[in-house]
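Asker: I'm passing along final.csv; it holds CSV, C-alpha atoms (C1' of nucleotides).
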```
chain,number,residue,atom,x,y,z
K,1,MET,CA,11.6,28.9,10.9
K,2,HIS,CA,15.3,29.2,10.1
K,3,GLU,CA,16.0,32.8,10.7
K,4,PRO,CA,19.8,32.8,10.1
K,5,ASP,CA,19.1,30.6,7.0
K,6,GLN,CA,17.2,33.3,5.1
K,7,HIS,CA,20.2,35.5,5.3
K,8,ILE,CA,22.5,32.9,3.9
K,9,ILE,CA,20.1,31.9,1.2
K,10,GLN,CA,19.7,35.5,0.0
K,11,GLY,CA,23.5,35.9,-0.1
K,12,ARG,CA,24.0,32.7,-2.1
K,13,LEU,CA,21.3,33.6,-4.5
K,14,ALA,CA,22.7,37.0,-5.1
K,15,ASP,CA,26.1,35.4,-5.9
K,16,PHE,CA,24.7,32.8,-8.2
K,17,GLU,CA,25.3,34.6,-11.4
K,18,LYS,CA,28.8,35.5,-10.5
K,19,ARG,CA,29.6,32.0,-9.5
K,20,CYS,CA,28.2,30.6,-12.8
K,21,ARG,CA,30.4,33.0,-14.7
K,22,GLU,CA,33.5,32.0,-12.7
K,23,ASN,CA,32.8,28.4,-13.7
K,24,GLY,CA,32.1,29.1,-17.3
K,25,LEU,CA,28.4,28.2,-16.9
K,26,LYS,CA,25.5,29.8,-18.6
K,27,MET,CA,22.8,31.1,-16.3
K,28,THR,CA,19.7,29.4,-17.3
K,29,HIS,CA,16.2,29.4,-15.7
K,30,GLN,CA,16.5,25.7,-15.0
K,31,ARG,CA,19.8,26.0,-13.2
K,32,LEU,CA,18.7,28.9,-11.1
K,33,THR,CA,15.4,27.2,-10.1
K,34,ILE,CA,17.1,23.9,-9.2
K,35,TYR,CA,19.7,25.7,-7.1
K,36,ARG,CA,17.1,27.9,-5.4
K,37,GLU,CA,15.0,24.8,-4.6
K,38,LEU,CA,17.9,23.0,-3.1
K,39,LEU,CA,18.9,26.1,-1.1
K,40,SER,CA,15.6,26.2,0.6
K,41,SER,CA,15.3,22.4,1.1
K,42,ARG,CA,16.5,21.1,4.5
K,43,ASP,CA,15.8,17.5,3.9
K,44,HIS,CA,18.7,16.4,1.7
K,45,PRO,CA,16.4,15.4,-1.2
K,46,ALA,CA,17.0,12.6,-3.7
K,47,VAL,CA,17.0,13.5,-7.4
K,48,GLU,CA,13.5,12.4,-8.0
K,49,THR,CA,12.3,14.7,-5.1
K,50,ILE,CA,14.2,17.7,-6.5
K,51,PHE,CA,12.6,16.9,-9.9
K,52,GLN,CA,9.1,17.0,-8.4
K,53,ARG,CA,9.7,20.2,-6.6
K,54,VAL,CA,11.2,22.0,-9.6
K,55,ARG,CA,8.5,20.8,-11.8
K,56,ARG,CA,6.0,23.0,-9.8
K,57,HIS,CA,7.9,26.0,-11.2
K,58,ILE,CA,9.0,24.6,-14.6
K,59,PRO,CA,6.4,22.0,-15.7
K,60,THR,CA,8.3,21.2,-18.9
K,61,ILE,CA,11.6,20.3,-17.2
K,62,SER,CA,12.9,16.8,-17.8
K,63,ILE,CA,14.6,14.7,-15.2
K,64,ASP,CA,17.8,14.3,-17.2
K,65,THR,CA,18.2,18.1,-17.0
K,66,VAL,CA,17.9,17.8,-13.3
K,67,TYR,CA,20.6,15.0,-13.2
K,68,ARG,CA,22.9,17.1,-15.5
K,69,THR,CA,22.4,20.3,-13.6
K,70,LEU,CA,23.1,18.7,-10.2
K,71,ALA,CA,26.3,17.2,-11.5
K,72,THR,CA,27.3,20.5,-12.9
K,73,LEU,CA,26.6,22.5,-9.7
K,74,GLU,CA,28.4,19.8,-7.7
K,75,GLU,CA,31.5,20.2,-9.8
K,76,ALA,CA,31.3,23.9,-9.3
K,77,GLY,CA,31.2,23.3,-5.6
K,78,MET,CA,27.9,25.0,-5.1
K,79,ILE,CA,26.1,21.8,-3.9
K,80,ASN,CA,27.2,18.6,-2.2
K,81,ARG,CA,26.3,15.0,-2.4
K,82,VAL,CA,25.3,13.5,0.9
K,83,ASP,CA,26.7,10.2,2.3
K,84,THR,CA,24.0,7.5,2.7
K,85,THR,CA,23.8,3.7,2.6
K,86,GLU,CA,20.6,3.9,0.5
K,87,GLY,CA,22.1,3.3,-2.9
K,88,LEU,CA,20.7,6.5,-4.3
K,89,VAL,CA,22.1,10.0,-4.4
K,90,ARG,CA,21.0,12.8,-2.2
K,91,TYR,CA,22.1,16.5,-2.3
K,92,GLU,CA,22.3,19.6,-0.2
K,93,ALA,CA,23.2,23.1,-1.1
K,94,ASP,CA,26.5,24.3,0.3
K,95,ARG,CA,25.8,26.9,2.9
K,96,GLY,CA,29.4,27.2,4.0
K,97,ILE,CA,28.7,26.1,7.5
K,98,PRO,CA,30.3,22.9,8.8
K,99,HIS,CA,27.6,20.4,10.0
K,100,HIS,CA,26.9,16.7,10.4
K,101,HIS,CA,24.2,14.3,9.8
K,102,LEU,CA,21.7,12.3,11.8
K,103,ILE,CA,20.2,9.5,9.7
K,104,CYS,CA,17.2,7.4,10.7
K,105,MET,CA,17.6,3.8,9.6
K,106,LYS,CA,13.9,3.4,9.4
K,107,CYS,CA,12.4,6.5,7.6
K,108,HIS,CA,15.8,7.5,6.0
K,109,GLN,CA,15.3,11.1,7.0
K,110,ILE,CA,18.4,13.1,7.4
K,111,ARG,CA,18.9,16.0,9.9
K,112,ASP,CA,21.7,18.4,10.3
K,113,PHE,CA,23.5,19.1,13.5
K,114,ILE,CA,26.4,21.2,14.6
K,115,TRP,CA,29.3,19.7,16.6
K,116,ASP,CA,32.0,22.3,17.4
K,117,ALA,CA,33.9,19.9,19.7
K,118,PHE,CA,34.4,17.6,16.7
K,119,ASP,CA,35.2,20.4,14.2
K,120,THR,CA,38.1,21.6,16.3
K,121,LEU,CA,39.5,18.1,16.9
K,122,PRO,CA,43.0,17.8,15.3
K,123,ARG,CA,43.0,15.1,12.6
K,124,PRO,CA,45.0,11.9,13.1
K,125,PRO,CA,48.4,11.9,11.4
K,126,GLU,CA,47.3,8.8,9.4
K,127,VAL,CA,45.0,11.1,7.4
K,128,ASP,CA,47.8,13.3,6.2
K,129,ARG,CA,49.8,10.2,5.1
K,130,TRP,CA,46.8,9.0,3.1
K,131,GLY,CA,46.3,12.2,1.0
K,132,GLN,CA,44.7,15.6,0.9
K,133,SER,CA,41.5,15.8,2.8
K,134,VAL,CA,38.8,18.1,1.6
K,135,ALA,CA,36.0,17.6,4.0
K,136,ARG,CA,35.2,15.6,7.2
K,137,ASN,CA,31.8,14.7,8.3
K,138,VAL,CA,30.2,12.7,11.0
K,139,VAL,CA,27.3,10.4,10.3
K,140,ILE,CA,25.3,9.2,13.2
K,141,THR,CA,22.9,6.4,12.4
K,142,GLY,CA,20.0,5.3,14.5
K,143,ILE,CA,16.2,5.5,15.0
K,144,CYS,CA,14.6,8.9,15.2
K,145,ARG,CA,12.1,9.7,18.0
K,146,GLN,CA,9.2,9.7,15.7
K,147,CYS,CA,10.0,6.2,14.4
K,148,TYR,CA,10.6,4.4,17.6
K,149,GLU,CA,7.6,6.0,19.3
K,150,GLN,CA,5.5,4.7,16.4
K,151,ALA,CA,7.1,1.2,16.8
K,152,GLU,CA,6.3,1.2,20.6
K,153,LYS,CA,2.6,1.6,20.0
K,154,LYS,CA,2.3,-1.7,18.2
I,1,MET,CA,49.6,-8.3,5.9
I,2,HIS,CA,47.0,-7.7,8.6
I,3,GLU,CA,48.2,-9.9,11.4
I,4,PRO,CA,45.6,-9.0,14.0
I,5,ASP,CA,42.9,-9.4,11.3
I,6,GLN,CA,43.6,-13.1,10.8
I,7,HIS,CA,42.8,-13.6,14.4
I,8,ILE,CA,39.5,-11.8,14.2
I,9,ILE,CA,38.5,-13.5,10.9
I,10,GLN,CA,39.1,-16.9,12.4
I,11,GLY,CA,37.0,-16.1,15.4
I,12,ARG,CA,34.1,-14.7,13.4
I,13,LEU,CA,34.2,-17.7,11.0
I,14,ALA,CA,34.1,-20.1,13.9
I,15,ASP,CA,31.0,-18.3,15.3
I,16,PHE,CA,29.2,-18.2,12.0
I,17,GLU,CA,27.1,-21.3,12.5
I,18,LYS,CA,26.1,-20.2,15.9
I,19,ARG,CA,25.1,-16.7,14.8
I,20,CYS,CA,23.1,-18.1,12.0
I,21,ARG,CA,21.2,-20.3,14.4
I,22,GLU,CA,20.6,-17.4,16.7
I,23,ASN,CA,19.0,-15.5,13.9
I,24,GLY,CA,17.0,-18.5,12.6
I,25,LEU,CA,19.0,-18.7,9.4
I,26,LYS,CA,20.0,-21.9,7.6
I,27,MET,CA,23.7,-22.3,7.1
I,28,THR,CA,24.2,-22.6,3.4
I,29,HIS,CA,27.3,-22.9,1.3
I,30,GLN,CA,26.4,-19.6,-0.4
I,31,ARG,CA,26.0,-17.7,2.8
I,32,LEU,CA,29.2,-18.9,4.3
I,33,THR,CA,31.2,-18.2,1.2
I,34,ILE,CA,29.8,-14.6,0.8
I,35,TYR,CA,30.4,-13.9,4.5
I,36,ARG,CA,34.0,-15.3,4.3
I,37,GLU,CA,34.7,-13.3,1.2
I,38,LEU,CA,33.6,-10.1,2.9
I,39,LEU,CA,35.5,-10.9,6.0
I,40,SER,CA,38.8,-11.0,4.1
I,41,SER,CA,38.0,-8.0,1.9
I,42,ARG,CA,39.4,-4.7,3.0
I,43,ASP,CA,38.1,-2.6,0.2
I,44,HIS,CA,34.4,-2.2,1.1
I,45,PRO,CA,33.2,-3.8,-2.1
I,46,ALA,CA,30.0,-3.1,-4.0
I,47,VAL,CA,27.6,-5.9,-4.7
I,48,GLU,CA,28.9,-6.6,-8.2
I,49,THR,CA,32.4,-7.0,-6.9
I,50,ILE,CA,31.4,-9.4,-4.2
I,51,PHE,CA,29.5,-11.4,-6.8
I,52,GLN,CA,32.6,-11.6,-9.0
I,53,ARG,CA,34.7,-12.8,-6.1
I,54,VAL,CA,32.2,-15.4,-4.8
I,55,ARG,CA,31.8,-16.7,-8.3
I,56,ARG,CA,35.4,-17.9,-8.3
I,57,HIS,CA,34.3,-20.4,-5.6
I,58,ILE,CA,30.7,-21.0,-6.6
I,59,PRO,CA,30.5,-20.5,-10.4
I,60,THR,CA,26.7,-21.2,-10.5
I,61,ILE,CA,25.8,-18.6,-7.9
I,62,SER,CA,23.4,-15.9,-9.2
I,63,ILE,CA,23.6,-12.2,-8.3
I,64,ASP,CA,20.2,-12.0,-6.7
I,65,THR,CA,21.3,-14.6,-4.2
I,66,VAL,CA,24.2,-12.2,-3.4
I,67,TYR,CA,21.8,-9.3,-3.0
I,68,ARG,CA,19.5,-11.4,-0.8
I,69,THR,CA,22.3,-12.8,1.3
I,70,LEU,CA,23.8,-9.4,1.9
I,71,ALA,CA,20.5,-8.1,3.0
I,72,THR,CA,20.0,-11.0,5.4
I,73,LEU,CA,23.5,-10.8,6.9
I,74,GLU,CA,23.0,-7.1,7.4
I,75,GLU,CA,19.8,-7.6,9.2
I,76,ALA,CA,21.5,-10.1,11.4
I,77,GLY,CA,24.1,-7.5,12.2
I,78,MET,CA,27.0,-9.5,10.8
I,79,ILE,CA,27.9,-7.1,8.0
I,80,ASN,CA,27.3,-3.3,7.5
I,81,ARG,CA,26.5,-1.0,4.7
I,82,VAL,CA,29.0,1.7,4.1
I,83,ASP,CA,28.1,5.4,3.7
I,84,THR,CA,29.1,6.7,0.2
I,85,THR,CA,27.9,9.4,-2.2
I,86,GLU,CA,28.2,7.0,-5.1
I,87,GLY,CA,24.6,5.9,-5.5
I,88,LEU,CA,25.5,2.3,-5.1
I,89,VAL,CA,25.7,0.1,-2.0
I,90,ARG,CA,29.0,-1.1,-0.5
I,91,TYR,CA,29.5,-3.5,2.4
I,92,GLU,CA,32.0,-4.4,5.0
I,93,ALA,CA,32.1,-7.3,7.5
I,94,ASP,CA,31.5,-6.2,11.1
I,95,ARG,CA,34.8,-6.9,12.9
I,96,GLY,CA,33.6,-5.3,16.2
I,97,ILE,CA,36.3,-2.6,16.0
I,98,PRO,CA,35.2,1.0,15.8
I,99,HIS,CA,36.8,2.7,12.8
I,100,HIS,CA,36.2,5.4,10.2
I,101,HIS,CA,36.6,5.9,6.5
I,102,LEU,CA,38.8,7.8,4.2
I,103,ILE,CA,37.2,8.1,0.8
I,104,CYS,CA,39.0,9.3,-2.4
I,105,MET,CA,36.7,11.4,-4.5
I,106,LYS,CA,38.6,10.4,-7.6
I,107,CYS,CA,39.1,6.6,-7.5
I,108,HIS,CA,36.4,6.0,-4.9
I,109,GLN,CA,38.6,3.8,-2.9
I,110,ILE,CA,37.8,3.6,0.8
I,111,ARG,CA,40.3,3.0,3.6
I,112,ASP,CA,39.7,2.4,7.2
I,113,PHE,CA,41.4,4.4,10.0
I,114,ILE,CA,41.2,4.4,13.8
I,115,TRP,CA,40.4,7.6,15.7
I,116,ASP,CA,40.3,7.1,19.4
I,117,ALA,CA,40.1,10.8,20.2
I,118,PHE,CA,36.8,10.9,18.3
I,119,ASP,CA,35.5,7.6,19.7
I,120,THR,CA,35.7,9.0,23.2
I,121,LEU,CA,34.2,12.4,22.4
I,122,PRO,CA,30.9,12.8,24.3
I,123,ARG,CA,28.0,13.2,21.9
I,124,PRO,CA,26.2,16.5,21.7
I,125,PRO,CA,22.9,16.7,23.6
I,126,GLU,CA,21.0,17.4,20.4
I,127,VAL,CA,21.6,13.8,19.3
I,128,ASP,CA,19.8,12.4,22.3
I,129,ARG,CA,16.9,14.7,21.7
I,130,TRP,CA,16.7,13.4,18.1
I,131,GLY,CA,16.4,9.7,18.9
I,132,GLN,CA,18.4,6.5,19.7
I,133,SER,CA,21.8,6.5,18.0
I,134,VAL,CA,23.2,3.1,17.0
I,135,ALA,CA,26.5,4.0,15.4
I,136,ARG,CA,28.6,7.0,14.6
I,137,ASN,CA,31.2,7.2,11.9
I,138,VAL,CA,33.5,9.8,10.5
I,139,VAL,CA,33.8,10.1,6.7
I,140,ILE,CA,36.8,12.1,5.5
I,141,THR,CA,36.6,12.9,1.8
I,142,GLY,CA,39.6,14.0,-0.3
I,143,ILE,CA,42.1,12.9,-2.9
I,144,CYS,CA,44.4,10.0,-2.0
I,145,ARG,CA,48.1,10.3,-2.5
I,146,GLN,CA,48.1,8.0,-5.5
I,147,CYS,CA,45.5,10.0,-7.3
I,148,TYR,CA,47.0,13.4,-6.9
I,149,GLU,CA,50.5,12.3,-7.7
I,150,GLN,CA,49.1,10.9,-10.9
I,151,ALA,CA,47.4,14.1,-11.6
I,152,GLU,CA,50.6,16.1,-11.1
I,153,LYS,CA,52.5,14.2,-13.7
I,154,LYS,CA,50.2,15.6,-16.5
H,1,DT,C1',9.1,-34.1,5.5
H,2,DT,C1',9.0,-29.2,6.0
H,3,DC,C1',10.3,-24.8,4.8
H,4,DC,C1',13.7,-21.7,3.9
H,5,DG,C1',17.1,-20.6,0.3
H,6,DT,C1',18.5,-20.6,-4.4
H,7,DG,C1',18.6,-19.9,-9.4
H,8,DC,C1',16.2,-18.2,-13.3
H,9,DA,C1',13.8,-14.7,-15.5
H,10,DA,C1',11.4,-10.7,-15.6
H,11,DA,C1',10.2,-6.3,-13.8
H,12,DG,C1',11.1,-2.0,-11.3
H,13,DG,C1',13.9,1.8,-10.3
H,14,DT,C1',17.8,5.0,-11.0
H,15,DT,C1',21.2,7.2,-13.8
H,16,DT,C1',23.5,8.1,-18.3
H,17,DT,C1',23.9,9.1,-23.2
H,18,DG,C1',23.0,10.6,-28.3
H,19,DC,C1',20.9,13.8,-30.9
H,20,DA,C1',18.2,17.7,-32.6
H,21,DT,C1',16.6,22.0,-31.1
H,22,DC,C1',16.6,26.1,-28.1
H,23,DC,C1',18.5,29.9,-25.8
H,24,DT,C1',22.4,32.4,-23.3
H,25,DT,C1',26.3,34.9,-24.4
U,1,DA,C1',26.3,33.8,-34.9
U,2,DA,C1',28.3,30.2,-31.9
U,3,DG,C1',28.3,26.9,-28.6
U,4,DG,C1',26.7,25.3,-24.4
U,5,DA,C1',22.1,23.7,-22.3
U,6,DT,C1',17.8,21.4,-22.7
U,7,DG,C1',14.1,17.9,-23.8
U,8,DC,C1',13.1,13.7,-25.7
U,9,DA,C1',13.8,9.0,-26.2
U,10,DA,C1',16.5,5.1,-25.6
U,11,DA,C1',19.9,2.6,-23.3
U,12,DA,C1',22.6,1.2,-19.5
U,13,DC,C1',22.9,0.1,-14.9
U,14,DC,C1',21.5,-1.3,-10.3
U,15,DT,C1',18.3,-3.7,-7.4
U,16,DT,C1',14.0,-6.2,-6.3
U,17,DT,C1',10.5,-9.8,-6.9
U,18,DG,C1',7.6,-14.1,-8.3
U,19,DC,C1',8.0,-18.7,-8.9
U,20,DA,C1',9.5,-23.5,-9.1
U,21,DC,C1',13.0,-26.5,-7.6
U,22,DG,C1',16.6,-28.0,-4.3
U,23,DG,C1',18.8,-28.6,0.0
U,24,DA,C1',19.3,-27.8,5.3
U,25,DA,C1',17.1,-28.9,9.5
```
Can the structure in the file be given as structure tokens, please?
Answerer:
Amino acid sequence: MHEPDQHIIQGRLADFEKRCRENGLKMTHQRLTIYRELLSSRDHPAVETIFQRVRRHIPTISIDTVYRTLATLEEAGMINRVDTTEGLVRYEADRGIPHHHLICMKCHQIRDFIWDAFDTLPRPPEVDRWGQSVARNVVITGICRQCYEQAEKK
Amino acid sequence: MHEPDQHIIQGRLADFEKRCRENGLKMTHQRLTIYRELLSSRDHPAVETIFQRVRRHIPTISIDTVYRTLATLEEAGMINRVDTTEGLVRYEADRGIPHHHLICMKCHQIRDFIWDAFDTLPRPPEVDRWGQSVARNVVITGICRQCYEQAEKK
DNA sequence: TTCCGTGCAAAGGTTTTGCATCCTT
DNA sequence: AAGGATGCAAAACCTTTGCACGGAA
């Protein structure tokens, strides 16, 4: 499916132990499994979804471990929270590739897209006056094809 | 403070009754007060904050009315949810002016900024293939001046 | 008068926290 | 052996819902 992805995923997984050490984190089965799960997810899952997926590998895991682990990995810069208007938190693994999000207002699915023309746009001076920017992302909101074709049928 | 704002606010308030009628909504004291409060707020408040502010004018209002009203006004297109990674919902009144958001990762304050160069950028073809886009916004995340100056002192 | 909108209360859903135990280091 | 990480349970927090009453049209 995602050919170039496999390469990135392998690399990140290989570095996981090192990156844990750098951040003073113990390398536990739970952490590795949660991280691996998120690396191979492309749907920006909410915590509950991650919990369900990880549970297939570690049936005894508890949801608060998932919460704590996600917070830890986020602090270490290995995963990111995703902007939504939903009132719940979603995550994605950091793959080191700038990208942006298409969000369907109806089904709430989120898809990545690349936008070089945006990435190379110089930032407005007002931003520098405001503070130190760390990341900049575009969020495009709308109705995905699947949802509006379904709506037309009715 | 915001000279051009006052003009917009007056205009939107004057149209409020009309826009309610158009959407089949009754014009109640609560709705008007919540809408007016949001129009004059520039901090993208969360529901609880809006509740506190409206309560100064209507002490008997209940928070579920605030939730319901915000949902109603959003459906009518008069206010918008704001993208965040916080796991709670924030709102802003729709002023009809395209703008973008600066979000401080530390204090979670959100500030608007204008970015014409972005607004006029043609969208990538992938977006059209995905579906019908309704809005596009930039979110720049970082540390605001106030927060990092405070951190340096220590 | 007719319904929509509100307030109250309770429930539902999401996230955080305290503590004893387990497991990396 | 030591201290961070986990699991369990409970609490805290945020949001939604059912119902009866009140108020706008």
Asker: Rounded to one decimal, what separation in Å do you get between CA of His100 (chain I) and CA of Gln146 (chain I)?
Answerer: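 Computing the Euclidean distance for CA of His100 (chain I) and CA of Gln146 (chain I) yields 19.9 Å.
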Asker: Excluding same-chain residues fewer than 2 positions from Thr141 (chain K), what lies within 6 Å of it counting all atoms listed in the file, as a list in words?
Answerer: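 The neighbour list is Ile103 of chain K; Ser133, Val134 and Ala135 of chain I.
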Asker: Show me, as a ChimeraX atom specification, every residue of chain I with an atom at most 8 Å from chain K, counting all atoms listed in the file.
Answerer: /I:81-90,102,113,115,118,121,124,126-127,129-146
Asker: To one decimal place, how far is C1' of DG22 (chain U) from CA of Arg36 (chain I) in Å?
Answerer: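 Separation between C1' of DG22 (chain U) and CA of Arg36 (chain I): 23.2 Å.
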Asker: Calculate how many Å separate CA of His7 (chain K) from CA of Leu70 (chain K), rounding to one decimal.
Answerer: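 Separating CA of His7 (chain K) from CA of Leu70 (chain K) is a distance of 23.0 Å.
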